[in-house]
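The file query-v3.csv contains CSV, C-alpha atoms:
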chain,number,residue,atom,x,y,z
A,73,MET,CA,-14.5,18.3,35.3
A,74,SER,CA,-17.5,20.6,35.9
A,75,SER,CA,-17.4,24.3,34.8
A,76,ASP,CA,-17.7,25.3,38.5
A,77,ASP,CA,-14.6,23.3,39.4
A,78,SER,CA,-12.8,24.7,36.4
A,79,LEU,CA,-13.7,28.2,37.4
A,80,ALA,CA,-12.5,27.6,41.0
A,81,GLN,CA,-9.2,26.3,39.7
A,82,ASP,CA,-8.8,29.2,37.3
A,83,SER,CA,-9.5,31.6,40.2
A,84,PHE,CA,-6.9,29.8,42.4
A,85,ARG,CA,-4.3,30.0,39.6
A,86,SER,CA,-5.2,33.7,39.1
A,87,ALA,CA,-4.7,34.4,42.8
A,88,SER,CA,-1.4,32.4,42.8
A,89,SER,CA,-0.1,34.3,39.9
A,90,LEU,CA,-1.0,37.7,41.4
A,91,MET,CA,0.6,36.6,44.7
A,92,GLY,CA,3.7,35.7,42.8
A,93,LEU,CA,3.7,39.1,41.1
A,94,GLN,CA,3.2,40.9,44.4
A,95,LEU,CA,5.9,38.8,46.1
A,96,PHE,CA,8.5,39.4,43.4
A,97,SER,CA,7.7,43.1,43.0
A,98,ARG,CA,7.6,43.8,46.7
A,99,LEU,CA,10.8,41.9,47.5
A,100,PHE,CA,12.6,43.6,44.5
A,101,THR,CA,11.3,47.0,45.4
A,102,PHE,CA,12.0,46.4,49.1
A,103,VAL,CA,15.7,46.1,48.4
A,104,LEU,CA,15.8,49.2,46.3
A,105,ASN,CA,13.5,51.1,48.7
A,106,GLN,CA,16.0,50.5,51.4
A,107,ALA,CA,18.5,52.5,49.4
A,108,MET,CA,15.9,55.1,48.3
A,109,PHE,CA,14.8,55.8,51.9
A,110,ARG,CA,18.4,56.8,52.5
A,111,LEU,CA,18.7,58.9,49.4
A,112,ALA,CA,15.4,60.8,49.5
A,113,PRO,CA,14.7,63.4,52.2
A,114,PRO,CA,11.7,62.6,54.4
A,115,ARG,CA,10.0,65.8,53.1
A,116,ALA,CA,10.3,64.7,49.4
A,117,TYR,CA,9.3,61.1,50.2
A,118,GLY,CA,6.3,62.3,52.1
A,119,THR,CA,5.1,64.5,49.3
A,120,ALA,CA,5.5,61.7,46.7
A,121,ALA,CA,4.2,58.8,48.7
A,122,ILE,CA,1.3,60.6,50.4
A,123,GLN,CA,0.2,63.6,48.3
A,124,PHE,CA,1.3,62.6,44.8
A,125,GLU,CA,0.0,59.0,45.3
A,126,LEU,CA,-3.3,60.4,46.5
A,127,LEU,CA,-3.5,62.5,43.3
A,128,LEU,CA,-2.7,59.4,41.2
A,129,SER,CA,-5.2,57.1,43.0
A,130,THR,CA,-8.0,59.6,42.8
A,131,ILE,CA,-7.7,59.8,39.0
A,132,LEU,CA,-7.4,56.1,38.5
A,133,PHE,CA,-9.9,54.9,41.1
A,134,LEU,CA,-12.7,57.2,40.1
A,135,SER,CA,-12.2,56.6,36.4
A,136,ARG,CA,-12.0,52.9,36.3
A,137,GLU,CA,-13.2,51.1,39.5
A,138,GLY,CA,-16.9,51.1,38.7
A,139,VAL,CA,-16.4,49.9,35.2
A,140,ARG,CA,-14.0,47.1,36.3
A,141,ASN,CA,-16.4,45.8,38.9
A,142,ALA,CA,-19.4,45.9,36.5
A,143,LEU,CA,-17.5,44.1,33.7
A,144,LEU,CA,-16.5,41.3,36.1
A,145,ARG,CA,-20.2,40.2,36.1
A,146,VAL,CA,-20.3,39.7,32.4
A,147,LYS,CA,-20.0,36.1,31.1
A,148,SER,CA,-20.3,36.7,27.3
A,149,ALA,CA,-19.1,40.1,26.1
A,150,GLY,CA,-20.5,41.7,23.0
A,151,PRO,CA,-19.5,44.9,21.3
A,152,GLY,CA,-21.8,47.0,23.6
A,153,THR,CA,-20.1,45.5,26.6
A,154,ARG,CA,-16.5,45.8,25.4
A,155,ASN,CA,-17.1,49.4,24.4
A,156,LEU,CA,-17.6,50.1,28.1
A,157,SER,CA,-13.9,49.4,28.7
A,158,VAL,CA,-13.1,52.7,26.8
A,159,LEU,CA,-15.1,54.7,29.3
A,160,PRO,CA,-12.3,55.0,31.9
A,161,VAL,CA,-10.1,56.6,29.2
A,162,LEU,CA,-12.8,59.2,28.4
A,163,LEU,CA,-13.4,59.9,32.0
A,164,GLY,CA,-9.8,60.0,32.9
A,165,PHE,CA,-8.7,62.9,30.7
A,166,PRO,CA,-10.9,65.7,32.2
A,167,LEU,CA,-10.6,64.2,35.7
A,168,ALA,CA,-6.8,64.3,35.4
A,169,LEU,CA,-6.8,67.9,34.3
A,170,VAL,CA,-9.2,69.1,37.0
A,171,THR,CA,-7.5,67.1,39.8
A,172,ALA,CA,-3.9,68.1,38.8
A,173,TRP,CA,-4.9,71.8,38.5
A,174,GLY,CA,-6.8,71.8,41.8
A,175,TYR,CA,-4.0,70.2,43.7
A,176,ALA,CA,-1.3,72.5,42.2
A,177,HIS,CA,-3.3,75.6,43.3
A,178,PHE,CA,-4.5,74.5,46.7
A,179,ALA,CA,-1.4,72.6,48.0
A,180,GLY,CA,0.2,74.0,51.1
A,181,ALA,CA,3.0,76.5,50.9
A,182,GLU,CA,5.6,74.1,52.2
A,183,VAL,CA,4.7,71.6,49.5
A,184,ARG,CA,4.6,74.1,46.7
A,185,GLY,CA,8.0,75.5,47.7
A,186,GLN,CA,9.8,72.3,46.7
A,187,GLU,CA,11.9,72.2,43.6
A,188,HIS,CA,10.1,70.9,40.4
A,189,PHE,CA,6.8,70.7,42.1
A,190,LYS,CA,4.5,71.6,39.2
A,191,THR,CA,6.6,69.5,36.7
A,192,SER,CA,6.2,66.5,39.0
A,193,ILE,CA,2.4,67.0,39.1
A,194,ALA,CA,2.2,67.1,35.3
A,195,LEU,CA,4.3,63.9,35.1
A,196,TYR,CA,2.0,62.1,37.6
A,197,ALA,CA,-1.1,63.1,35.7
A,198,GLY,CA,0.5,61.9,32.5
A,199,ALA,CA,1.3,58.6,34.1
A,200,ALA,CA,-2.3,58.2,35.2
A,201,LEU,CA,-3.5,58.8,31.6
A,202,LEU,CA,-1.0,56.2,30.2
A,203,GLU,CA,-2.2,53.7,32.7
A,204,LEU,CA,-5.8,54.4,31.9
A,205,MET,CA,-5.1,53.9,28.2
A,206,SER,CA,-4.3,50.2,28.9
A,207,GLU,CA,-7.6,49.7,30.7
A,208,PRO,CA,-9.5,48.2,27.7
A,209,MET,CA,-6.8,45.6,27.3
A,210,HIS,CA,-6.7,45.0,31.0
A,211,ASN,CA,-10.4,44.3,31.2
A,212,LEU,CA,-10.2,42.0,28.2
A,213,ALA,CA,-7.3,40.0,29.8
A,214,MET,CA,-9.3,39.7,33.1
A,215,ALA,CA,-12.4,38.5,31.1
A,216,GLU,CA,-10.3,35.9,29.4
A,217,LEU,CA,-8.6,34.9,32.7
A,218,ARG,CA,-5.2,35.7,31.0
A,219,THR,CA,-3.6,36.6,34.3
A,220,GLY,CA,-0.2,36.0,32.8
A,221,VAL,CA,-0.6,39.2,30.7
A,222,ARG,CA,-1.4,41.3,33.7
A,223,VAL,CA,1.4,39.7,35.8
A,224,ARG,CA,3.9,40.4,33.0
A,225,ALA,CA,2.7,44.0,32.5
A,226,GLU,CA,2.7,45.0,36.1
A,227,GLY,CA,5.8,43.1,37.0
A,228,LEU,CA,7.8,44.8,34.3
A,229,GLY,CA,6.2,48.2,35.2
A,230,ILE,CA,7.1,48.0,38.9
A,231,THR,CA,10.6,46.9,38.0
A,232,ALA,CA,11.1,49.8,35.6
A,233,LYS,CA,9.6,52.3,38.0
A,234,THR,CA,11.8,51.3,40.9
A,235,VAL,CA,15.0,51.3,38.8
A,236,VAL,CA,14.3,54.7,37.2
A,237,THR,CA,13.5,56.3,40.5
A,238,PHE,CA,16.6,54.8,42.1
A,239,LEU,CA,18.9,55.9,39.2
A,240,VAL,CA,17.6,59.5,39.2
A,241,LEU,CA,18.1,59.7,43.0
A,242,VAL,CA,21.7,58.4,42.6
A,243,TYR,CA,22.3,60.9,39.8
A,244,ASP,CA,21.0,63.8,42.0
A,245,LEU,CA,23.3,62.7,44.9
A,246,ARG,CA,26.4,62.5,42.7
A,247,THR,CA,25.8,65.9,41.1
A,248,GLY,CA,25.4,67.5,44.5
A,249,GLY,CA,21.7,68.2,44.1
A,250,GLU,CA,21.0,67.5,47.8
A,251,GLY,CA,17.5,66.2,47.1
A,252,GLY,CA,16.5,68.7,44.4
A,253,LEU,CA,15.5,66.1,41.9
A,254,ALA,CA,13.7,63.9,44.5
A,255,LEU,CA,10.2,64.7,43.3
A,256,ILE,CA,11.3,64.4,39.7
A,257,ALA,CA,12.7,60.9,40.5
A,258,PHE,CA,9.4,59.6,41.8
A,259,ALA,CA,7.4,61.2,39.1
A,260,ALA,CA,9.6,59.9,36.3
A,261,GLY,CA,9.4,56.4,37.8
A,262,GLN,CA,5.6,56.6,37.8
A,263,LEU,CA,5.6,57.8,34.2
A,264,VAL,CA,7.8,54.9,33.1
A,265,TYR,CA,5.5,52.5,35.0
A,266,GLY,CA,2.5,53.7,33.0
A,267,ALA,CA,4.3,53.5,29.7
A,268,THR,CA,5.7,50.0,30.4
A,269,VAL,CA,2.3,48.6,31.4
A,270,LEU,CA,0.7,50.1,28.3
A,271,ALA,CA,3.4,48.8,26.0
A,272,THR,CA,3.1,45.3,27.4
A,273,TYR,CA,-0.6,45.2,27.0
A,274,MET,CA,-0.3,46.6,23.4
A,275,THR,CA,2.2,43.8,22.6
A,276,ALA,CA,-0.4,41.3,23.7
A,277,TYR,CA,-3.6,42.8,22.2
A,278,GLY,CA,-2.6,45.5,19.7
A,279,ILE,CA,-4.6,48.8,19.6
A,280,ASP,CA,-7.9,47.5,18.3
A,281,CYS,CA,-9.4,47.6,21.9
A,282,TRP,CA,-9.1,51.4,21.9
A,283,TRP,CA,-11.7,51.9,19.2
A,284,PRO,CA,-15.4,51.4,20.0
A,285,LYS,CA,-17.3,49.2,17.6
A,286,LYS,CA,-20.9,49.9,16.7
A,287,PRO,CA,-23.1,47.0,17.9
A,288,ILE,CA,-25.7,45.5,15.5
A,289,SER,CA,-29.1,44.5,16.9
A,290,ARG,CA,-30.8,41.3,15.9
A,291,ALA,CA,-33.0,43.3,13.5
A,292,GLY,CA,-29.8,44.3,11.7
A,293,LYS,CA,-30.0,47.9,12.9
A,294,PRO,CA,-27.2,49.8,14.7
A,295,GLY,CA,-27.5,49.6,18.5
A,296,PRO,CA,-26.2,51.8,21.3
A,297,TYR,CA,-22.5,52.0,21.8
A,298,PHE,CA,-22.8,51.0,25.4
A,299,ASP,CA,-24.9,48.2,27.0
A,300,SER,CA,-27.5,50.3,28.9
A,301,GLU,CA,-27.9,48.0,31.8
A,302,LEU,CA,-24.2,47.5,32.3
A,303,LEU,CA,-23.7,51.3,32.0
A,304,ARG,CA,-26.2,52.0,34.8
A,305,LEU,CA,-24.5,49.4,37.0
A,306,SER,CA,-21.1,51.0,36.2
A,307,MET,CA,-22.3,54.5,37.2
A,308,THR,CA,-23.8,53.1,40.4
A,309,MET,CA,-20.6,51.4,41.3
A,310,THR,CA,-18.6,54.5,40.3
A,311,SER,CA,-20.7,56.6,42.7
A,312,GLN,CA,-20.1,54.1,45.4
A,313,SER,CA,-16.4,54.1,44.5
A,314,LEU,CA,-16.3,57.8,45.4
A,315,ILE,CA,-17.3,57.0,49.0
A,316,LYS,CA,-15.0,54.0,49.1
A,317,HIS,CA,-12.1,56.2,47.8
A,318,PHE,CA,-12.5,58.8,50.6
A,319,LEU,CA,-12.7,56.0,53.2
A,320,THR,CA,-9.7,54.2,51.8
A,321,GLU,CA,-7.6,57.3,51.3
A,322,GLY,CA,-8.9,59.2,54.3
A,323,ASP,CA,-5.6,58.9,56.2
A,324,LYS,CA,-3.7,60.6,53.3
A,325,LEU,CA,-6.2,63.4,53.0
A,326,ILE,CA,-5.9,64.2,56.7
A,327,LEU,CA,-2.1,64.0,56.7
A,328,SER,CA,-1.9,66.2,53.6
A,329,TRP,CA,-3.8,69.0,55.4
A,330,PHE,CA,-2.7,68.7,59.1
A,331,SER,CA,0.7,67.0,59.2
A,332,ALA,CA,4.1,68.3,58.6
A,333,LEU,CA,6.0,66.9,55.6
A,334,GLN,CA,8.6,65.3,57.8
A,335,ASP,CA,5.9,63.2,59.5
A,336,GLN,CA,4.2,62.5,56.2
A,337,GLY,CA,7.5,60.9,55.1
A,338,GLY,CA,7.7,58.8,58.3
A,339,TYR,CA,4.1,57.7,57.9
A,340,ALA,CA,4.7,56.8,54.2
A,341,VAL,CA,7.7,54.6,55.1
A,342,ALA,CA,5.7,52.9,57.9
A,343,VAL,CA,2.8,52.2,55.5
A,344,ASN,CA,5.2,50.9,52.9
A,345,TYR,CA,6.5,48.3,55.3
A,346,GLY,CA,3.2,47.7,57.0
A,347,SER,CA,1.3,47.0,53.8
A,348,LEU,CA,3.7,44.4,52.5
A,349,VAL,CA,1.5,41.6,53.9
A,350,ALA,CA,-1.7,43.2,52.7
A,351,ARG,CA,-0.4,43.7,49.2
A,352,ILE,CA,1.5,40.4,48.8
A,353,VAL,CA,-1.2,38.1,50.2
A,354,PHE,CA,-4.6,39.8,50.8
A,355,GLN,CA,-4.9,42.0,47.7
A,356,PRO,CA,-4.4,39.2,45.1
A,357,ILE,CA,-6.9,37.0,47.1
A,358,GLU,CA,-9.4,39.9,47.0
A,359,GLU,CA,-9.1,40.4,43.3
A,360,ALA,CA,-9.3,36.7,42.5
A,361,SER,CA,-12.3,36.3,44.9
A,362,ARG,CA,-14.1,39.2,43.2
A,363,GLY,CA,-13.8,37.5,39.8
A,364,PHE,CA,-14.7,34.1,41.2
A,365,PHE,CA,-17.9,35.3,43.0
A,366,SER,CA,-18.9,37.4,40.0
A,367,LYS,CA,-18.7,34.4,37.7
A,368,VAL,CA,-20.3,31.9,40.1
A,369,LEU,CA,-23.2,34.1,41.1
A,370,GLY,CA,-23.6,36.2,38.0
A,371,ASN,CA,-26.7,34.3,36.8
A,372,VAL,CA,-28.3,33.7,40.1
A,373,SER,CA,-31.8,35.1,40.2
A,374,SER,CA,-32.2,38.4,42.2
A,375,LYS,CA,-35.9,38.1,42.3
A,376,THR,CA,-37.8,38.5,45.6
A,377,SER,CA,-39.3,35.1,45.1
A,378,THR,CA,-38.2,32.4,47.5
A,379,LYS,CA,-38.1,29.8,44.7
A,380,ALA,CA,-34.7,29.1,43.2
A,381,SER,CA,-33.5,26.6,40.7
A,382,SER,CA,-31.2,23.7,41.5
A,383,GLY,CA,-28.4,25.5,39.6
A,384,ASP,CA,-28.9,28.7,41.7
A,385,ASN,CA,-28.8,26.6,44.9
A,386,ALA,CA,-25.6,24.9,43.8
A,387,ALA,CA,-24.0,28.3,42.9
A,388,LEU,CA,-25.0,29.8,46.3
A,389,GLN,CA,-23.7,26.8,48.1
A,390,GLN,CA,-20.3,26.9,46.3
A,391,ALA,CA,-20.0,30.7,46.9
A,392,SER,CA,-20.9,30.2,50.6
A,393,THR,CA,-18.3,27.5,51.1
A,394,ALA,CA,-15.6,29.6,49.4
A,395,LEU,CA,-16.4,32.7,51.5
A,396,VAL,CA,-16.4,30.8,54.8
A,397,SER,CA,-13.1,29.0,53.9
A,398,LEU,CA,-11.5,32.3,52.9
A,399,LEU,CA,-12.5,34.1,56.1
A,400,SER,CA,-11.3,31.1,58.2
A,401,VAL,CA,-7.9,31.1,56.6
A,402,GLN,CA,-7.6,34.9,57.0
A,403,ALA,CA,-8.6,34.6,60.7
A,404,ALA,CA,-5.9,32.1,61.4
A,405,PHE,CA,-3.2,34.0,59.5
A,406,SER,CA,-4.2,37.3,61.3
A,407,LEU,CA,-3.9,35.7,64.7
A,408,VAL,CA,-0.4,34.4,64.0
A,409,LEU,CA,0.6,37.9,62.7
A,410,VAL,CA,-0.7,39.8,65.7
A,411,VAL,CA,0.9,37.4,68.3
A,412,PHE,CA,4.3,37.5,66.8
A,413,GLY,CA,4.2,40.9,65.2
A,414,THR,CA,3.6,42.8,68.4
A,415,ALA,CA,6.5,41.0,70.1
A,416,TYR,CA,9.2,41.5,67.4
A,417,ILE,CA,8.3,44.8,65.7
A,418,PRO,CA,10.5,47.0,68.1
A,419,ILE,CA,13.5,44.8,67.2
A,420,VAL,CA,12.9,44.8,63.5
A,421,LEU,CA,12.4,48.6,63.4
A,422,GLN,CA,16.0,49.3,64.5
A,423,ILE,CA,17.2,47.2,61.6
A,424,LEU,CA,14.9,48.4,58.8
A,425,LEU,CA,14.4,52.1,59.4
A,426,PRO,CA,17.1,54.6,58.4
A,427,ARG,CA,18.3,56.8,61.2
A,428,GLN,CA,16.5,60.0,59.9
A,429,TYR,CA,13.2,58.1,59.9
A,430,LEU,CA,13.5,56.9,63.5
A,431,ALA,CA,12.9,60.4,64.7
A,432,THR,CA,9.6,60.6,62.7
A,433,SER,CA,6.2,59.0,63.3
A,434,ALA,CA,7.3,55.8,61.5
A,435,PRO,CA,7.9,53.6,64.6
A,436,GLN,CA,4.6,54.4,66.2
A,437,VAL,CA,2.7,53.9,63.0
A,438,LEU,CA,4.2,50.5,62.3
A,439,SER,CA,3.5,49.3,65.9
A,440,ALA,CA,-0.2,50.2,65.3
A,441,TRP,CA,-0.3,48.7,61.8
A,442,VAL,CA,0.1,45.2,63.1
A,443,TRP,CA,-3.4,45.5,64.5
A,444,TYR,CA,-4.8,47.0,61.3
A,445,ILE,CA,-3.8,44.2,59.0
A,446,PRO,CA,-6.5,41.7,60.2
A,447,VAL,CA,-9.1,44.4,59.5
A,448,LEU,CA,-7.8,44.8,56.0
A,449,ALA,CA,-7.9,41.0,55.5
A,450,PHE,CA,-11.6,40.6,56.5
A,451,ASN,CA,-12.6,43.8,54.7
A,452,GLY,CA,-11.1,42.7,51.4
A,453,GLY,CA,-12.8,39.3,51.4
A,454,LEU,CA,-16.2,40.6,52.4
A,455,GLU,CA,-16.0,43.5,50.0
A,456,ALA,CA,-15.1,41.2,47.1
A,457,PHE,CA,-18.3,39.2,47.8
A,458,LEU,CA,-20.5,42.2,48.2
A,459,SER,CA,-19.4,44.0,45.1
A,460,SER,CA,-19.8,40.8,43.1
A,461,VAL,CA,-23.4,40.0,44.1
A,462,ALA,CA,-25.1,43.2,45.1
A,463,THR,CA,-27.7,44.7,42.8
A,464,PRO,CA,-27.7,48.4,41.9
A,465,GLN,CA,-30.5,49.0,44.4
A,466,ASP,CA,-28.4,47.3,47.1
A,467,LEU,CA,-25.4,49.5,46.3
A,468,ASN,CA,-27.4,52.6,46.3
A,469,ARG,CA,-29.0,51.7,49.7
A,470,GLN,CA,-25.6,50.9,51.1
A,471,SER,CA,-24.2,54.3,49.9
A,472,ARG,CA,-26.8,56.3,51.7

Show the structure stored in the file as structure tokens.
Amino acid sequence: MSSDDSLAQDSFRSASSLMGLQLFSRLFTFVLNQAMFRLAPPRAYGTAAIQFELLLSTILFLSREGVRNALLRVKSAGPGTRNLSVLPVLLGFPLALVTAWGYAHFAGAEVRGQEHFKTSIALYAGAALLELMSEPMHNLAMAELRTGVRVRAEGLGITAKTVVTFLVLVYDLRTGGEGGLALIAFAAGQLVYGATVLATYMTAYGIDCWWPKKPISRAGKPGPYFDSELLRLSMTMTSQSLIKHFLTEGDKLILSWFSALQDQGGYAVAVNYGSLVARIVFQPIEEASRGFFSKVLGNVSSKTSTKASSGDNAALQQASTALVSLLSVQAAFSLVLVVFGTAYIPIVLQILLPRQYLATSAPQVLSAWVWYIPVLAFNGGLEAFLSSVATPQDLNRQSR
């Protein structure tokens, strides 16, 4: 079996494992979320699912996304390359402090007036830092194609997060809190998620990944801690991630500023249901595709010369076939979803949505979400290909 066939099979197994993780976690959390929607007031759920999640994703995305994408292109990792995995941890601490402080001071009066608001922000920032501390081990697992480690870490984390959130909400209900601990419930669940993921990765790899190792050059002299070329690529991708983050989270930014908390809760419930297909099917495919394209095309010449080796041609042909097949499958799946989704969504909403959410924006958002899912599918596959093969110059040109 050729190395390309082996890589394709490894990528397929990786996507299958990630799909299994998403399917298990989403079905499990779906059941508990049905109970949580009925326990948490729409205002508190909107704050946690829209504004607190935006805070969390800002810290995580800007700290690690560029480094993750750059490391995917590496085929043989030396100390200078592995040291780069520590960079998200170093970036995350100051970013978490600045982001949490800014949000706590500039949030709307209605949001700040909720019980335990600042405590919940601190817990979310701490959860982000715990998750970032597992980043060196996560990158090592992805480089070694040990998808099982990631599946175990995130599966246990999601399970623990959902259970803790549910238990705190039940405790609040039984003690007559009337939603006073709702924000604490979501924040505590997120903190437990970060701690569980970190503990699982530490069980697999220990703590050696946290400490940078001084590279030794061929002449026997100490080299730079970070691979300079890979560091530049990481910074380029991080700057592009800033643009991507605002595009991805633009809806939450607008809702946070201009929408009432009640409607934010309705929108969050709708997105939670509407994104099930995207998270279970499309997100694992995108992540596995990014790794596949990065490995296949990592050594293809980026010269302006029209000459290419036979190995380059074979790699380009394999990547082209995989991309066309991926887009074809996504097109067929999206067509079925749009045809049947638009017909049956009004019936399903009456069954799924709690009564207090039927009066919010949730029904209208879910009806529109059916048309949005195909866009997510194509965007994920094409973005995985672009981020895997584009040069720093290409990324800078695209960001302008």

Legend entry - Residues within 9 Å of segment 263-278 of chain A, all atoms listed in the file, excluding chain neighbours under 3 positions, as a ChimeraX atom specification: /A:195-207,209-210,212-213,221-222,224-234,236,258-260,281

Please dump the current selection as a PDB file, keeping the file's coordinate frame; keep C-alpha atoms.
ATOM      1  CA  LEU A 195       4.300  63.900  35.100  1.00  0.00           C
ATOM      2  CA  TYR A 196       2.000  62.100  37.600  1.00  0.00           C
ATOM      3  CA  ALA A 197      -1.100  63.100  35.700  1.00  0.00           C
ATOM      4  CA  GLY A 198       0.500  61.900  32.500  1.00  0.00           C
ATOM      5  CA  ALA A 199       1.300  58.600  34.100  1.00  0.00           C
ATOM      6  CA  ALA A 200      -2.300  58.200  35.200  1.00  0.00           C
ATOM      7  CA  LEU A 201      -3.500  58.800  31.600  1.00  0.00           C
ATOM      8  CA  LEU A 202      -1.000  56.200  30.200  1.00  0.00           C
ATOM      9  CA  GLU A 203      -2.200  53.700  32.700  1.00  0.00           C
ATOM     10  CA  LEU A 204      -5.800  54.400  31.900  1.00  0.00           C
ATOM     11  CA  MET A 205      -5.100  53.900  28.200  1.00  0.00           C
ATOM     12  CA  SER A 206      -4.300  50.200  28.900  1.00  0.00           C
ATOM     13  CA  GLU A 207      -7.600  49.700  30.700  1.00  0.00           C
ATOM     14  CA  MET A 209      -6.800  45.600  27.300  1.00  0.00           C
ATOM     15  CA  HIS A 210      -6.700  45.000  31.000  1.00  0.00           C
ATOM     16  CA  LEU A 212     -10.200  42.000  28.200  1.00  0.00           C
ATOM     17  CA  ALA A 213      -7.300  40.000  29.800  1.00  0.00           C
ATOM     18  CA  VAL A 221      -0.600  39.200  30.700  1.00  0.00           C
ATOM     19  CA  ARG A 222      -1.400  41.300  33.700  1.00  0.00           C
ATOM     20  CA  ARG A 224       3.900  40.400  33.000  1.00  0.00           C
ATOM     21  CA  ALA A 225       2.700  44.000  32.500  1.00  0.00           C
ATOM     22  CA  GLU A 226       2.700  45.000  36.100  1.00  0.00           C
ATOM     23  CA  GLY A 227       5.800  43.100  37.000  1.00  0.00           C
ATOM     24  CA  LEU A 228       7.800  44.800  34.300  1.00  0.00           C
ATOM     25  CA  GLY A 229       6.200  48.200  35.200  1.00  0.00           C
ATOM     26  CA  ILE A 230       7.100  48.000  38.900  1.00  0.00           C
ATOM     27  CA  THR A 231      10.600  46.900  38.000  1.00  0.00           C
ATOM     28  CA  ALA A 232      11.100  49.800  35.600  1.00  0.00           C
ATOM     29  CA  LYS A 233       9.600  52.300  38.000  1.00  0.00           C
ATOM     30  CA  THR A 234      11.800  51.300  40.900  1.00  0.00           C
ATOM     31  CA  VAL A 236      14.300  54.700  37.200  1.00  0.00           C
ATOM     32  CA  PHE A 258       9.400  59.600  41.800  1.00  0.00           C
ATOM     33  CA  ALA A 259       7.400  61.200  39.100  1.00  0.00           C
ATOM     34  CA  ALA A 260       9.600  59.900  36.300  1.00  0.00           C
ATOM     35  CA  CYS A 281      -9.400  47.600  21.900  1.00  0.00           C
TER      36      CYS A 281
END

Selection: 10 Å around segment 394-398 of chain A, all atoms listed in the file, excl. self and same-chain fewer than 3 positions, as a PDB file with C-alpha atoms, keeping the file's coordinate frame:
ATOM      1  CA  ALA A  80     -12.500  27.600  41.000  1.00  0.00           C
ATOM      2  CA  ILE A 357      -6.900  37.000  47.100  1.00  0.00           C
ATOM      3  CA  GLU A 358      -9.400  39.900  47.000  1.00  0.00           C
ATOM      4  CA  SER A 361     -12.300  36.300  44.900  1.00  0.00           C
ATOM      5  CA  PHE A 364     -14.700  34.100  41.200  1.00  0.00           C
ATOM      6  CA  PHE A 365     -17.900  35.300  43.000  1.00  0.00           C
ATOM      7  CA  LEU A 388     -25.000  29.800  46.300  1.00  0.00           C
ATOM      8  CA  GLN A 389     -23.700  26.800  48.100  1.00  0.00           C
ATOM      9  CA  GLN A 390     -20.300  26.900  46.300  1.00  0.00           C
ATOM     10  CA  ALA A 391     -20.000  30.700  46.900  1.00  0.00           C
ATOM     11  CA  VAL A 401      -7.900  31.100  56.600  1.00  0.00           C
ATOM     12  CA  GLN A 402      -7.600  34.900  57.000  1.00  0.00           C
ATOM     13  CA  ALA A 403      -8.600  34.600  60.700  1.00  0.00           C
ATOM     14  CA  ALA A 449      -7.900  41.000  55.500  1.00  0.00           C
ATOM     15  CA  PHE A 450     -11.600  40.600  56.500  1.00  0.00           C
ATOM     16  CA  GLY A 453     -12.800  39.300  51.400  1.00  0.00           C
ATOM     17  CA  LEU A 454     -16.200  40.600  52.400  1.00  0.00           C
ATOM     18  CA  ALA A 456     -15.100  41.200  47.100  1.00  0.00           C
ATOM     19  CA  PHE A 457     -18.300  39.200  47.800  1.00  0.00           C
TER      20      PHE A 457
END

Inset, instruction - Go ahead and compute the interatomic distance for atom CA of Ala350 of chain A and atom CA of Leu448 of chain A, in Å to one decimal. - result: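 Separation between atom CA of Ala350 of chain A and atom CA of Leu448 of chain A: 7.1 Å.
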
Inset, instruction - In the coordinates of the file, take the point (-6.7, 35.0, 62.4) and a cut-off of 8 Å; then, counting only C-alpha atoms, name each qualifying protein, DNA or RNA residue as a ChimeraX atom specification. - result: /A:400-409,446

Legend entry - Nearest to Ser392 of chain A, chosen from A:Thr414, A:Gln186, A:Val368, A:Gly261, with only C-alpha atoms counted in the distances: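 Among the listed residues, the smallest separation from Ser392 of chain A belongs to A:Val368.
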
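Atom CA of Leu159 of chain A is positioned 27.9 Å from atom CA of Ala120 of chain A.
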
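Residue nearest Tyr175 of chain A, chosen from A:Phe133, A:Tyr429, A:Tyr339, A:Phe124 and counting only C-alpha atoms: A:Phe124.
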
Legend entry - Among the residues A:Ala462, A:Ile315, A:Leu127, A:Leu217, the one that comes closest to Gly174 of chain A [using all atoms listed in the file]: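 The answer is A:Leu127, which sits nearest to Gly174 of chain A.
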
Inset, instruction - Point out the residue among A:Gly185, A:Lys190, A:Val158, A:Asp466 with the least atom-to-atom distance to Ile279 of chain A, counting only C-alpha atoms. - result: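 Answer, going by the shortest atom-to-atom distance: A:Val158.
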
Inset, instruction - Could you tell me which of A:His317, A:Arg145, A:Arg110, A:Arg154 comes closest to Leu128 of chain A if we count all atoms listed in the file? - result: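 Residue with the minimum atom-to-atom distance to Leu128 of chain A: A:His317.
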
Kindly reconstruct segment 128-132 of chain A with N, CA and C atoms and present the result as an mmCIF file, in the frame of the given file.
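out_34.cif was written with the following content:
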data_model
loop_
_atom_site.group_PDB
_atom_site.id
_atom_site.type_symbol
_atom_site.label_atom_id
_atom_site.label_comp_id
_atom_site.auth_asym_id
_atom_site.auth_seq_id
_atom_site.Cartn_x
_atom_site.Cartn_y
_atom_site.Cartn_z
ATOM 1 N N LEU A 128 -2.706 60.475 42.174
ATOM 2 C CA LEU A 128 -2.700 59.400 41.200
ATOM 3 C C LEU A 128 -3.913 58.447 41.440
ATOM 4 N N SER A 129 -4.089 58.025 42.689
ATOM 5 C CA SER A 129 -5.200 57.100 43.000
ATOM 6 C C SER A 129 -6.535 57.683 42.790
ATOM 7 N N THR A 130 -6.667 58.980 43.013
ATOM 8 C CA THR A 130 -8.000 59.600 42.800
ATOM 9 C C THR A 130 -8.340 59.568 41.303
ATOM 10 N N ILE A 131 -7.393 59.865 40.435
ATOM 11 C CA ILE A 131 -7.700 59.800 39.000
ATOM 12 C C ILE A 131 -7.996 58.398 38.552
ATOM 13 N N LEU A 132 -7.173 57.443 38.964
ATOM 14 C CA LEU A 132 -7.400 56.100 38.500
ATOM 15 C C LEU A 132 -8.607 55.429 39.116
#
